[in-house]
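Structure data (mmCIF, C-alpha atoms) from entry34.cif:
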```
data_model
loop_
_atom_site.group_PDB
_atom_site.id
_atom_site.type_symbol
_atom_site.label_atom_id
_atom_site.label_comp_id
_atom_site.auth_asym_id
_atom_site.auth_seq_id
_atom_site.Cartn_x
_atom_site.Cartn_y
_atom_site.Cartn_z
ATOM 1 C CA MET A 1 -24.736 -24.254 -0.659
ATOM 2 C CA PRO A 2 -22.591 -21.192 -1.411
ATOM 3 C CA VAL A 3 -21.039 -20.932 -4.854
ATOM 4 C CA GLN A 4 -17.352 -21.837 -4.912
ATOM 5 C CA VAL A 5 -15.316 -19.615 -7.221
ATOM 6 C CA GLU A 6 -11.778 -19.457 -8.514
ATOM 7 C CA PRO A 7 -9.536 -16.391 -8.720
ATOM 8 C CA ASP A 8 -9.087 -14.681 -12.047
ATOM 9 C CA ARG A 9 -5.949 -15.116 -14.118
ATOM 10 C CA THR A 10 -3.144 -12.818 -12.988
ATOM 11 C CA PHE A 11 -1.257 -10.361 -15.156
ATOM 12 C CA ARG A 12 1.818 -12.527 -14.560
ATOM 13 C CA GLU A 13 0.014 -15.469 -16.155
ATOM 14 C CA ALA A 14 -1.288 -13.334 -19.018
ATOM 15 C CA LEU A 15 2.230 -12.138 -19.819
ATOM 16 C CA ALA A 16 3.611 -15.677 -19.669
ATOM 17 C CA ALA A 17 0.926 -16.898 -22.082
ATOM 18 C CA ALA A 18 1.305 -14.046 -24.577
ATOM 19 C CA ASN A 19 3.047 -14.473 -27.920
ATOM 20 C CA ARG A 20 3.242 -10.706 -28.562
ATOM 21 C CA PRO A 21 3.499 -7.495 -26.539
ATOM 22 C CA LEU A 22 0.280 -6.688 -24.684
ATOM 23 C CA ALA A 23 -1.263 -3.291 -25.474
ATOM 24 C CA GLY A 24 -3.130 -1.438 -22.782
ATOM 25 C CA MET A 25 -4.466 1.946 -21.733
ATOM 26 C CA TRP A 26 -4.806 4.094 -18.640
ATOM 27 C CA VAL A 27 -8.214 4.387 -16.984
ATOM 28 C CA CYS A 28 -8.016 7.641 -15.046
ATOM 29 C CA SER A 29 -11.524 9.102 -14.994
ATOM 30 C CA GLY A 30 -12.660 7.327 -11.837
ATOM 31 C CA SER A 31 -15.843 6.309 -13.662
ATOM 32 C CA PRO A 32 -17.011 2.669 -13.704
ATOM 33 C CA LEU A 33 -18.960 3.462 -16.870
ATOM 34 C CA ILE A 34 -15.846 4.684 -18.678
ATOM 35 C CA ALA A 35 -13.847 1.733 -17.316
ATOM 36 C CA GLU A 36 -16.431 -0.691 -18.701
ATOM 37 C CA LEU A 37 -16.492 1.135 -22.026
ATOM 38 C CA CYS A 38 -12.703 0.795 -22.278
ATOM 39 C CA ALA A 39 -12.799 -2.846 -21.171
ATOM 40 C CA GLY A 40 -14.812 -3.760 -24.254
ATOM 41 C CA ALA A 41 -12.518 -2.018 -26.720
ATOM 42 C CA GLY A 42 -10.394 -5.092 -27.461
ATOM 43 C CA LEU A 43 -7.208 -4.059 -25.650
ATOM 44 C CA ASP A 44 -5.252 -6.564 -23.597
ATOM 45 C CA TRP A 45 -5.092 -4.710 -20.296
ATOM 46 C CA LEU A 46 -6.246 -1.646 -18.413
ATOM 47 C CA LEU A 47 -4.380 0.314 -15.767
ATOM 48 C CA ILE A 48 -6.796 1.748 -13.211
ATOM 49 C CA ASP A 49 -4.757 4.577 -11.739
ATOM 50 C CA ALA A 50 -4.953 6.042 -8.244
ATOM 51 C CA GLU A 51 -1.617 7.860 -8.179
ATOM 52 C CA HIS A 52 -2.551 10.773 -10.445
ATOM 53 C CA SER A 53 -6.305 10.209 -10.743
ATOM 54 C CA PRO A 54 -9.396 10.786 -8.556
ATOM 55 C CA ASN A 55 -9.714 7.188 -7.412
ATOM 56 C CA GLY A 56 -10.392 5.941 -3.899
ATOM 57 C CA LEU A 57 -11.233 2.492 -2.555
ATOM 58 C CA GLU A 58 -14.906 2.715 -3.470
ATOM 59 C CA SER A 59 -14.337 3.813 -7.076
ATOM 60 C CA ILE A 60 -11.633 1.196 -7.613
ATOM 61 C CA LEU A 61 -13.995 -1.494 -6.347
ATOM 62 C CA ALA A 62 -16.759 -0.289 -8.678
ATOM 63 C CA GLN A 63 -14.384 -0.306 -11.666
ATOM 64 C CA LEU A 64 -13.129 -3.810 -10.876
ATOM 65 C CA GLN A 65 -16.730 -4.979 -10.833
ATOM 66 C CA ALA A 66 -17.520 -3.112 -14.058
ATOM 67 C CA VAL A 67 -14.677 -4.606 -16.109
ATOM 68 C CA ARG A 68 -14.680 -8.147 -14.756
ATOM 69 C CA GLY A 69 -17.051 -9.490 -17.390
ATOM 70 C CA TYR A 70 -14.676 -8.565 -20.221
ATOM 71 C CA PRO A 71 -11.594 -10.400 -21.539
ATOM 72 C CA VAL A 72 -9.126 -7.802 -20.287
ATOM 73 C CA GLN A 73 -6.593 -7.727 -17.446
ATOM 74 C CA ALA A 74 -7.257 -5.069 -14.816
ATOM 75 C CA VAL A 75 -4.058 -3.772 -13.229
ATOM 76 C CA VAL A 76 -4.327 -1.191 -10.456
ATOM 77 C CA ARG A 77 -1.751 1.431 -9.491
ATOM 78 C CA PRO A 78 -1.943 2.678 -5.887
ATOM 79 C CA PRO A 79 -0.691 6.169 -5.039
ATOM 80 C CA VAL A 80 2.185 4.890 -2.910
ATOM 81 C CA ASN A 81 4.077 1.758 -1.874
ATOM 82 C CA ASP A 82 2.401 1.516 1.531
ATOM 83 C CA THR A 83 1.741 -1.726 3.421
ATOM 84 C CA VAL A 84 -1.608 -0.642 4.877
ATOM 85 C CA LEU A 85 -2.935 0.754 1.606
ATOM 86 C CA LEU A 86 -1.826 -2.314 -0.346
ATOM 87 C CA LYS A 87 -3.656 -4.510 2.184
ATOM 88 C CA GLN A 88 -6.841 -2.575 1.507
ATOM 89 C CA TYR A 89 -6.399 -2.872 -2.254
ATOM 90 C CA LEU A 90 -5.843 -6.617 -2.012
ATOM 91 C CA ASP A 91 -8.880 -7.086 0.203
ATOM 92 C CA LEU A 92 -10.964 -5.219 -2.405
ATOM 93 C CA GLY A 93 -10.026 -7.952 -4.859
ATOM 94 C CA VAL A 94 -7.157 -6.241 -6.700
ATOM 95 C CA GLN A 95 -5.017 -9.087 -8.019
ATOM 96 C CA ASP A 96 -2.553 -7.171 -10.179
ATOM 97 C CA LEU A 97 -0.622 -4.266 -8.696
ATOM 98 C CA LEU A 98 1.642 -1.725 -10.368
ATOM 99 C CA ILE A 99 3.633 -0.112 -7.554
ATOM 100 C CA PRO A 100 4.904 3.412 -8.359
ATOM 101 C CA MET A 101 8.275 4.960 -7.534
ATOM 102 C CA VAL A 102 10.176 1.826 -6.535
ATOM 103 C CA ASN A 103 13.741 3.070 -6.357
ATOM 104 C CA SER A 104 15.629 0.190 -4.767
ATOM 105 C CA ALA A 105 15.628 -3.529 -4.108
ATOM 106 C CA ALA A 106 14.663 -2.793 -0.496
ATOM 107 C CA GLU A 107 11.538 -0.948 -1.630
ATOM 108 C CA ALA A 108 10.695 -3.799 -4.011
ATOM 109 C CA LYS A 109 11.049 -6.297 -1.156
ATOM 110 C CA ALA A 110 8.686 -4.176 0.949
ATOM 111 C CA ALA A 111 6.071 -4.280 -1.815
ATOM 112 C CA VAL A 112 6.336 -8.046 -2.102
ATOM 113 C CA ALA A 113 6.109 -8.485 1.667
ATOM 114 C CA ALA A 114 2.935 -6.376 1.705
ATOM 115 C CA VAL A 115 1.099 -8.816 -0.589
ATOM 116 C CA ARG A 116 2.091 -12.011 1.241
ATOM 117 C CA TYR A 117 0.726 -13.410 4.475
ATOM 118 C CA PRO A 118 3.097 -14.336 7.322
ATOM 119 C CA PRO A 119 5.531 -16.008 7.599
ATOM 120 C CA HIS A 120 6.469 -14.914 4.045
ATOM 121 C CA GLY A 121 5.228 -11.338 4.376
ATOM 122 C CA VAL A 122 3.279 -8.880 6.490
ATOM 123 C CA ARG A 123 -0.189 -8.761 4.888
ATOM 124 C CA GLY A 124 -2.901 -8.536 7.512
ATOM 125 C CA VAL A 125 -5.372 -11.427 7.624
ATOM 126 C CA GLY A 126 -8.978 -10.466 7.003
ATOM 127 C CA SER A 127 -10.011 -12.667 4.119
ATOM 128 C CA ALA A 128 -13.323 -13.732 5.665
ATOM 129 C CA LEU A 129 -14.419 -10.088 5.439
ATOM 130 C CA ALA A 130 -13.016 -9.391 2.008
ATOM 131 C CA ARG A 131 -13.917 -9.601 -1.659
ATOM 132 C CA ALA A 132 -10.393 -10.955 -2.307
ATOM 133 C CA SER A 133 -11.462 -14.400 -1.101
ATOM 134 C CA ARG A 134 -15.047 -13.805 -2.234
ATOM 135 C CA TRP A 135 -15.857 -13.956 1.463
ATOM 136 C CA ASN A 136 -14.207 -17.371 1.852
ATOM 137 C CA ARG A 137 -15.842 -18.793 -1.268
ATOM 138 C CA ILE A 138 -12.435 -19.329 -2.925
ATOM 139 C CA PRO A 139 -11.322 -22.667 -1.508
ATOM 140 C CA GLY A 140 -8.103 -22.495 0.496
ATOM 141 C CA TYR A 141 -7.607 -18.803 -0.182
ATOM 142 C CA LEU A 142 -5.174 -18.135 2.663
ATOM 143 C CA ALA A 143 -2.758 -20.813 1.488
ATOM 144 C CA ARG A 144 -3.125 -19.802 -2.181
ATOM 145 C CA ALA A 145 -3.314 -16.035 -1.889
ATOM 146 C CA ALA A 146 0.217 -15.269 -3.072
ATOM 147 C CA GLU A 147 -0.322 -17.152 -6.322
ATOM 148 C CA THR A 148 -3.440 -15.063 -7.061
ATOM 149 C CA ILE A 149 -1.493 -11.770 -6.987
ATOM 150 C CA SER A 150 1.055 -10.245 -9.356
ATOM 151 C CA VAL A 151 3.455 -7.438 -8.485
ATOM 152 C CA THR A 152 4.880 -5.094 -11.102
ATOM 153 C CA VAL A 153 7.167 -2.334 -9.860
ATOM 154 C CA GLN A 154 7.638 0.979 -11.604
ATOM 155 C CA ILE A 155 11.118 2.144 -12.566
ATOM 156 C CA GLU A 156 10.911 5.910 -13.018
ATOM 157 C CA THR A 157 14.002 7.549 -11.508
ATOM 158 C CA GLU A 158 17.730 7.520 -12.140
ATOM 159 C CA ALA A 159 18.186 5.733 -8.807
ATOM 160 C CA ALA A 160 15.837 2.950 -9.899
ATOM 161 C CA VAL A 161 17.611 2.581 -13.237
ATOM 162 C CA ALA A 162 20.935 2.282 -11.406
ATOM 163 C CA ASP A 163 19.488 -0.458 -9.173
ATOM 164 C CA VAL A 164 17.357 -2.192 -11.818
ATOM 165 C CA GLU A 165 19.295 -5.476 -11.823
ATOM 166 C CA GLU A 166 18.897 -5.791 -8.040
ATOM 167 C CA ILE A 167 15.203 -4.872 -8.241
ATOM 168 C CA LEU A 168 14.653 -7.516 -10.904
ATOM 169 C CA ALA A 169 16.380 -10.094 -8.703
ATOM 170 C CA VAL A 170 13.844 -9.668 -5.887
ATOM 171 C CA ASP A 171 11.755 -12.815 -5.457
ATOM 172 C CA GLY A 172 8.118 -11.898 -5.998
ATOM 173 C CA VAL A 173 8.720 -9.035 -8.419
ATOM 174 C CA ASP A 174 6.939 -10.376 -11.477
ATOM 175 C CA ALA A 175 7.707 -7.522 -13.879
ATOM 176 C CA ILE A 176 8.982 -3.976 -14.126
ATOM 177 C CA PHE A 177 7.344 -0.998 -15.812
ATOM 178 C CA LEU A 178 9.203 2.043 -17.120
ATOM 179 C CA GLY A 179 7.783 5.530 -16.632
ATOM 180 C CA PRO A 180 9.652 7.802 -19.075
ATOM 181 C CA SER A 181 7.979 11.024 -17.899
ATOM 182 C CA ASP A 182 9.152 10.838 -14.292
ATOM 183 C CA LEU A 183 12.425 9.309 -15.427
ATOM 184 C CA ALA A 184 13.033 12.316 -17.675
ATOM 185 C CA ALA A 185 12.238 14.660 -14.791
ATOM 186 C CA SER A 186 14.701 12.863 -12.501
ATOM 187 C CA MET A 187 17.368 13.294 -15.187
ATOM 188 C CA GLY A 188 16.806 17.045 -15.408
ATOM 189 C CA LEU A 189 14.859 16.654 -18.653
ATOM 190 C CA LEU A 190 11.333 17.513 -17.519
ATOM 191 C CA GLY A 191 8.830 16.989 -20.347
ATOM 192 C CA GLU A 192 11.430 15.391 -22.616
ATOM 193 C CA GLN A 193 10.543 11.701 -22.395
ATOM 194 C CA GLU A 194 11.667 11.263 -26.013
ATOM 195 C CA HIS A 195 15.166 12.556 -25.232
ATOM 196 C CA PRO A 196 17.896 10.112 -26.367
ATOM 197 C CA LYS A 197 19.223 9.802 -22.795
ATOM 198 C CA VAL A 198 15.776 8.857 -21.504
ATOM 199 C CA ARG A 199 15.181 6.355 -24.274
ATOM 200 C CA ALA A 200 18.620 4.850 -23.669
ATOM 201 C CA ALA A 201 17.805 4.406 -19.971
ATOM 202 C CA VAL A 202 14.498 2.732 -20.842
ATOM 203 C CA GLU A 203 16.192 0.389 -23.306
ATOM 204 C CA HIS A 204 18.883 -0.429 -20.715
ATOM 205 C CA CYS A 205 16.137 -1.557 -18.327
ATOM 206 C CA LEU A 206 14.374 -3.549 -21.050
ATOM 207 C CA MET A 207 17.620 -5.390 -21.700
ATOM 208 C CA ALA A 208 18.188 -5.966 -17.980
ATOM 209 C CA ALA A 209 14.718 -7.483 -17.690
ATOM 210 C CA LYS A 210 15.355 -9.750 -20.647
ATOM 211 C CA THR A 211 18.588 -10.935 -19.045
ATOM 212 C CA ALA A 212 16.749 -11.587 -15.769
ATOM 213 C CA GLY A 213 14.002 -13.496 -17.568
ATOM 214 C CA LYS A 214 11.239 -11.143 -16.411
ATOM 215 C CA PRO A 215 8.788 -9.045 -18.461
ATOM 216 C CA ALA A 216 9.212 -5.304 -18.763
ATOM 217 C CA GLY A 217 6.670 -2.732 -19.865
ATOM 218 C CA VAL A 218 6.686 0.954 -20.691
ATOM 219 C CA ASN A 219 4.405 3.948 -21.086
ATOM 220 C CA ALA A 220 4.478 5.309 -24.656
ATOM 221 C CA PHE A 221 1.618 7.297 -26.171
ATOM 222 C CA ASN A 222 3.597 8.035 -29.330
ATOM 223 C CA GLU A 223 2.941 5.138 -31.705
ATOM 224 C CA ALA A 224 6.410 5.112 -33.257
ATOM 225 C CA THR A 225 8.006 5.122 -29.807
ATOM 226 C CA ALA A 226 5.706 2.386 -28.557
ATOM 227 C CA ARG A 227 6.569 0.155 -31.499
ATOM 228 C CA ALA A 228 10.283 0.895 -31.060
ATOM 229 C CA TYR A 229 10.095 -0.182 -27.425
ATOM 230 C CA MET A 230 8.200 -3.317 -28.427
ATOM 231 C CA ASP A 231 10.968 -4.100 -30.897
ATOM 232 C CA ALA A 232 13.483 -3.481 -28.089
ATOM 233 C CA GLY A 233 11.832 -6.120 -25.923
ATOM 234 C CA ALA A 234 8.898 -4.494 -24.104
ATOM 235 C CA SER A 235 6.345 -7.158 -23.196
ATOM 236 C CA PHE A 236 3.529 -4.745 -22.390
ATOM 237 C CA VAL A 237 2.892 -1.107 -23.271
ATOM 238 C CA LEU A 238 0.402 1.566 -22.311
ATOM 239 C CA VAL A 239 -0.536 3.342 -25.519
ATOM 240 C CA GLY A 240 -3.261 5.777 -24.450
ATOM 241 C CA ALA A 241 -5.533 7.059 -21.696
ATOM 242 C CA ASP A 242 -9.269 7.523 -21.375
ATOM 243 C CA VAL A 243 -8.997 11.166 -20.327
ATOM 244 C CA ALA A 244 -6.456 12.016 -23.044
ATOM 245 C CA LEU A 245 -8.589 10.396 -25.742
ATOM 246 C CA LEU A 246 -11.651 12.302 -24.554
ATOM 247 C CA ALA A 247 -9.740 15.589 -24.344
ATOM 248 C CA ARG A 248 -8.247 15.307 -27.816
ATOM 249 C CA GLY A 249 -11.477 13.979 -29.309
ATOM 250 C CA THR A 250 -13.610 16.807 -27.941
ATOM 251 C CA GLU A 251 -11.007 19.360 -29.085
ATOM 252 C CA ALA A 252 -11.137 17.911 -32.592
ATOM 253 C CA LEU A 253 -14.918 18.129 -32.547
ATOM 254 C CA ALA A 254 -14.774 21.760 -31.472
ATOM 255 C CA ASP A 255 -12.249 22.519 -34.207
ATOM 256 C CA LYS A 256 -14.714 21.203 -36.783
ATOM 257 C CA PHE A 257 -17.800 23.070 -35.616
ATOM 258 C CA VAL A 258 -16.830 26.101 -33.498
ATOM 259 C CA PRO A 259 -15.563 29.128 -35.459
ATOM 260 C CA THR A 260 -12.176 30.480 -34.513
ATOM 261 C CA ALA A 261 -12.219 34.062 -33.233
ATOM 262 C CA PRO A 262 -10.594 36.727 -35.456
ATOM 263 C CA ASP A 263 -7.638 37.046 -33.084
ATOM 264 C CA GLY A 264 -6.893 33.352 -33.567
ATOM 265 C CA GLY A 265 -8.343 32.275 -30.248
ATOM 266 C CA ALA A 266 -11.559 30.499 -29.409
ATOM 267 C CA PRO A 267 -14.822 32.323 -28.633
ATOM 268 C CA PHE A 268 -15.392 33.612 -25.082
ATOM 269 C CA GLY A 269 -11.698 34.394 -24.633
ATOM 270 C CA GLY A 270 -10.445 30.810 -24.643
ATOM 271 C CA THR A 271 -7.544 29.467 -26.659
ATOM 272 C CA ARG A 272 -7.219 26.601 -29.023
ATOM 273 C CA ASP A 273 -3.704 25.479 -28.185
ATOM 274 C CA THR A 274 -3.601 21.692 -27.992
ATOM 275 C CA PRO A 275 -1.717 20.379 -24.935
ATOM 276 C CA SER A 276 1.284 18.192 -25.552
ATOM 277 C CA SER A 277 0.898 14.448 -25.229
ATOM 278 C CA TYR A 278 1.687 12.695 -21.963
#
```
Any chance you could give the structure as structure tokens?
Amino acid sequence: MPVQVEPDRTFREALAAANRPLAGMWVCSGSPLIAELCAGAGLDWLLIDAEHSPNGLESILAQLQAVRGYPVQAVVRPPVNDTVLLKQYLDLGVQDLLIPMVNSAAEAKAAVAAVRYPPHGVRGVGSALARASRWNRIPGYLARAAETISVTVQIETEAAVADVEEILAVDGVDAIFLGPSDLAASMGLLGEQEHPKVRAAVEHCLMAAKTAGKPAGVNAFNEATARAYMDAGASFVLVGADVALLARGTEALADKFVPTAPDGGAPFGGTRDTPSSY
């Protein structure tokens, strides 16, 4: 007899059960080993990113498998809000999606439709072939599929901020996530995610989510900013990234043990300027 299995808890359910903001980190390396290492760190959630990171279907699948044995939520960000690509992600077994660059209620509705089977959506039916249903070992998967998936949409432009109340009102949007870096760029403030206008826009969206009764999250690598957003109502926050931690950690190691060249630079013609935080 085949083993019958149940789907994992969704990010929607984890947020509903939480009594504090959930702290997470980006997983951008594309490495299942690094993903597993991060999964055991004690954080609440991981964001496996394919928008700005070298991740394809095969590496996402490997990372999902690597982190599944740990008490951490695995959220995956695709590169684009595309029906065909989202179908592939879902069939891989992605249960929690963070959809980037959702600028309107219409785009949010398209994302929700992509994760639901007809007649409630447009997701293609291939569960017998897919890890999503554990190859039909999850009883009644087709009828239950929508409840096994959470959809978080990313608010990261002025247009999205202007339409945030309508986006939040879309049935099937479980949460919103604020991206201050792209939001700053859309406001003509590239690289200034701490600018008062950007922070005010983020806090406006946090308040809108609270009014709508839905969770809102935000990206904030600066600890003081992250805690301020938590105090302002953020239910989940990304507070670091695997690649950033490795970059800064290796730079600190080099600073300790590699002599600085007389001209103030590093040996071999390199420089020691530390890049700004994300």
- Message: For the provided coordinates, the residues matched by the PyMOL selection byres ((chain A and resi 193-203) around 9) should be stated as a ChimeraX atom specification.
- Response: /A:155,158,161,178-185,187,189-192,204-208,218,225,229,232-234,278
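Applied to the file shown here, the PyMOL selection byres ((chain A and resi 160) around 10) selects the residues A:Met101, A:Val102, A:Asn103, A:Ser104, A:Ala105, A:Gln154, A:Ile155, A:Glu156, A:Thr157, A:Glu158, A:Ala159, A:Val161, A:Ala162, A:Asp163, A:Val164, A:Glu165, A:Glu166, A:Ile167, A:Leu178, A:Leu183, A:Cys205.
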Generate a file of the selected residues that holds C-alpha atoms, formatted as an mmCIF file, keeping the file's coordinate frame.
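Full text of result-v5.cif as output:
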```cif
data_model
loop_
_atom_site.group_PDB
_atom_site.id
_atom_site.type_symbol
_atom_site.label_atom_id
_atom_site.label_comp_id
_atom_site.auth_asym_id
_atom_site.auth_seq_id
_atom_site.Cartn_x
_atom_site.Cartn_y
_atom_site.Cartn_z
ATOM 1 C CA MET A 101 8.275 4.960 -7.534
ATOM 2 C CA VAL A 102 10.176 1.826 -6.535
ATOM 3 C CA ASN A 103 13.741 3.070 -6.357
ATOM 4 C CA SER A 104 15.629 0.190 -4.767
ATOM 5 C CA ALA A 105 15.628 -3.529 -4.108
ATOM 6 C CA GLN A 154 7.638 0.979 -11.604
ATOM 7 C CA ILE A 155 11.118 2.144 -12.566
ATOM 8 C CA GLU A 156 10.911 5.910 -13.018
ATOM 9 C CA THR A 157 14.002 7.549 -11.508
ATOM 10 C CA GLU A 158 17.730 7.520 -12.140
ATOM 11 C CA ALA A 159 18.186 5.733 -8.807
ATOM 12 C CA VAL A 161 17.611 2.581 -13.237
ATOM 13 C CA ALA A 162 20.935 2.282 -11.406
ATOM 14 C CA ASP A 163 19.488 -0.458 -9.173
ATOM 15 C CA VAL A 164 17.357 -2.192 -11.818
ATOM 16 C CA GLU A 165 19.295 -5.476 -11.823
ATOM 17 C CA GLU A 166 18.897 -5.791 -8.040
ATOM 18 C CA ILE A 167 15.203 -4.872 -8.241
ATOM 19 C CA LEU A 178 9.203 2.043 -17.120
ATOM 20 C CA LEU A 183 12.425 9.309 -15.427
ATOM 21 C CA CYS A 205 16.137 -1.557 -18.327
#
```
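Nearest residue to A:Val80 among A:Gly240, A:Gly249, A:Pro7, A:Pro100 is A:Pro100, counting only C-alpha atoms.
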- Item | Atom pair atom CA of A:Thr83 / atom CA of A:Ile99: separation (Å) | 11.3 Å
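Residues selected in this file by the PyMOL selection byres ((chain A and resi 77) around 8) comprise Leu47, Ile48, Asp49, Ala50, Glu51, Val75, Val76, Pro78, Pro79, Leu97, Leu98, Ile99 and Pro100 of chain A.
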Would you write out those residues with C-alpha atoms, as an mmCIF file, in the frame of the given file?
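Printed below is selection-v3.cif as written:
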```cif
data_model
loop_
_atom_site.group_PDB
_atom_site.id
_atom_site.type_symbol
_atom_site.label_atom_id
_atom_site.label_comp_id
_atom_site.auth_asym_id
_atom_site.auth_seq_id
_atom_site.Cartn_x
_atom_site.Cartn_y
_atom_site.Cartn_z
ATOM 1 C CA LEU A 47 -4.380 0.314 -15.767
ATOM 2 C CA ILE A 48 -6.796 1.748 -13.211
ATOM 3 C CA ASP A 49 -4.757 4.577 -11.739
ATOM 4 C CA ALA A 50 -4.953 6.042 -8.244
ATOM 5 C CA GLU A 51 -1.617 7.860 -8.179
ATOM 6 C CA VAL A 75 -4.058 -3.772 -13.229
ATOM 7 C CA VAL A 76 -4.327 -1.191 -10.456
ATOM 8 C CA PRO A 78 -1.943 2.678 -5.887
ATOM 9 C CA PRO A 79 -0.691 6.169 -5.039
ATOM 10 C CA LEU A 97 -0.622 -4.266 -8.696
ATOM 11 C CA LEU A 98 1.642 -1.725 -10.368
ATOM 12 C CA ILE A 99 3.633 -0.112 -7.554
ATOM 13 C CA PRO A 100 4.904 3.412 -8.359
#
```
- Message: Using all atoms listed in the file, which protein or nucleic acid residues come within 8 Å of A:Val112? Drop anything in the same chain fewer than 6 positions from it, and give the result as a count of residues only.
- Response: 5
Could you list, with a cut-off of 9 Å and counting only C-alpha atoms, the residues of stretch 121-181 of chain A near stretch 11-34 of chain A, each shown with its nearest atom pair and the distance in Å rounded to one decimal, rows sorted by chain and ascending number, as JSON lines?
```
{"residue": "A:Ile149", "atom": "CA", "partner": "A:Phe11", "partner_atom": "CA", "distance": 8.3}
{"residue": "A:Ser150", "atom": "CA", "partner": "A:Arg12", "partner_atom": "CA", "distance": 5.7}
{"residue": "A:Val151", "atom": "CA", "partner": "A:Arg12", "partner_atom": "CA", "distance": 8.1}
{"residue": "A:Thr152", "atom": "CA", "partner": "A:Arg12", "partner_atom": "CA", "distance": 8.8}
{"residue": "A:Asp174", "atom": "CA", "partner": "A:Arg12", "partner_atom": "CA", "distance": 6.4}
{"residue": "A:Ala175", "atom": "CA", "partner": "A:Arg12", "partner_atom": "CA", "distance": 7.8}
```
Can you report as lines of an AutoDock Vina configuration file the centre and edge lengths in Å, to one decimal, of an axis-aligned box around the listed atoms of stretch 93-103 of chain A padded with 5 Å on each side?
```
center_x = 1.9
center_y = -2.1
center_z = -7.6
size_x = 33.8
size_y = 24.0
size_z = 15.5
```
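The gap separating atom CA of A:Val67 from atom CA of A:Glu36 is 5.0 Å, in Å to one decimal.
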- Query: In terms of the shortest atom-to-atom distance over all atoms listed in the file, which of A:Ala110, A:Ala241, A:Asp231, A:Gly93 is closest to A:Trp135?
  - Reply: A:Gly93
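If you look at atom CA of A:Val239 and atom CA of A:Gly40, they are 16.0 Å away from each other.
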Taking 6 positions as the minimum chain separation for residues in the same chain, which residues sit within 8 Å of A:Ala113 when counting only C-alpha atoms? Answer as a PDB file with C-alpha atoms, keeping the file's coordinate frame.
```pdb
ATOM      1  CA  HIS A 120       6.469 -14.914   4.045  1.00  0.00           C
ATOM      2  CA  GLY A 121       5.228 -11.338   4.376  1.00  0.00           C
ATOM      3  CA  VAL A 122       3.279  -8.880   6.490  1.00  0.00           C
ATOM      4  CA  ARG A 123      -0.189  -8.761   4.888  1.00  0.00           C
TER       5      ARG A 123
END
```
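Residues lying within 9 Å of A:Leu142, counting all atoms listed in the file and ignoring same-chain neighbours fewer than 4 positions away, are Tyr117, Val125, Ser127, Ser133 and Ala146 of chain A.
If all atoms listed in the file are the atoms counted, then among A:Asn136, A:Thr10, A:Glu58, A:Tyr70 the closest residue to A:Ala35 is A:Tyr70.
Closest approach to A:Val243 among A:Asp44, A:Met1, A:Pro54, A:Glu147 is made by A:Pro54 (distances from all atoms listed in the file).
The residue set within 10 Å of A:Pro71, counting all atoms listed in the file and dropping same-chain residues fewer than 3 places from it, reads Ala39, Gly40, Ala41, Gly42, Leu43, Asp44, Trp45, Val67, Arg68 and Ala74 of chain A.
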- Message: Which residue is closest to A:Thr211? Choose from A:Leu57, A:Leu168, A:Val3, A:Ala66 and count all atoms listed in the file.
- Response: A:Leu168
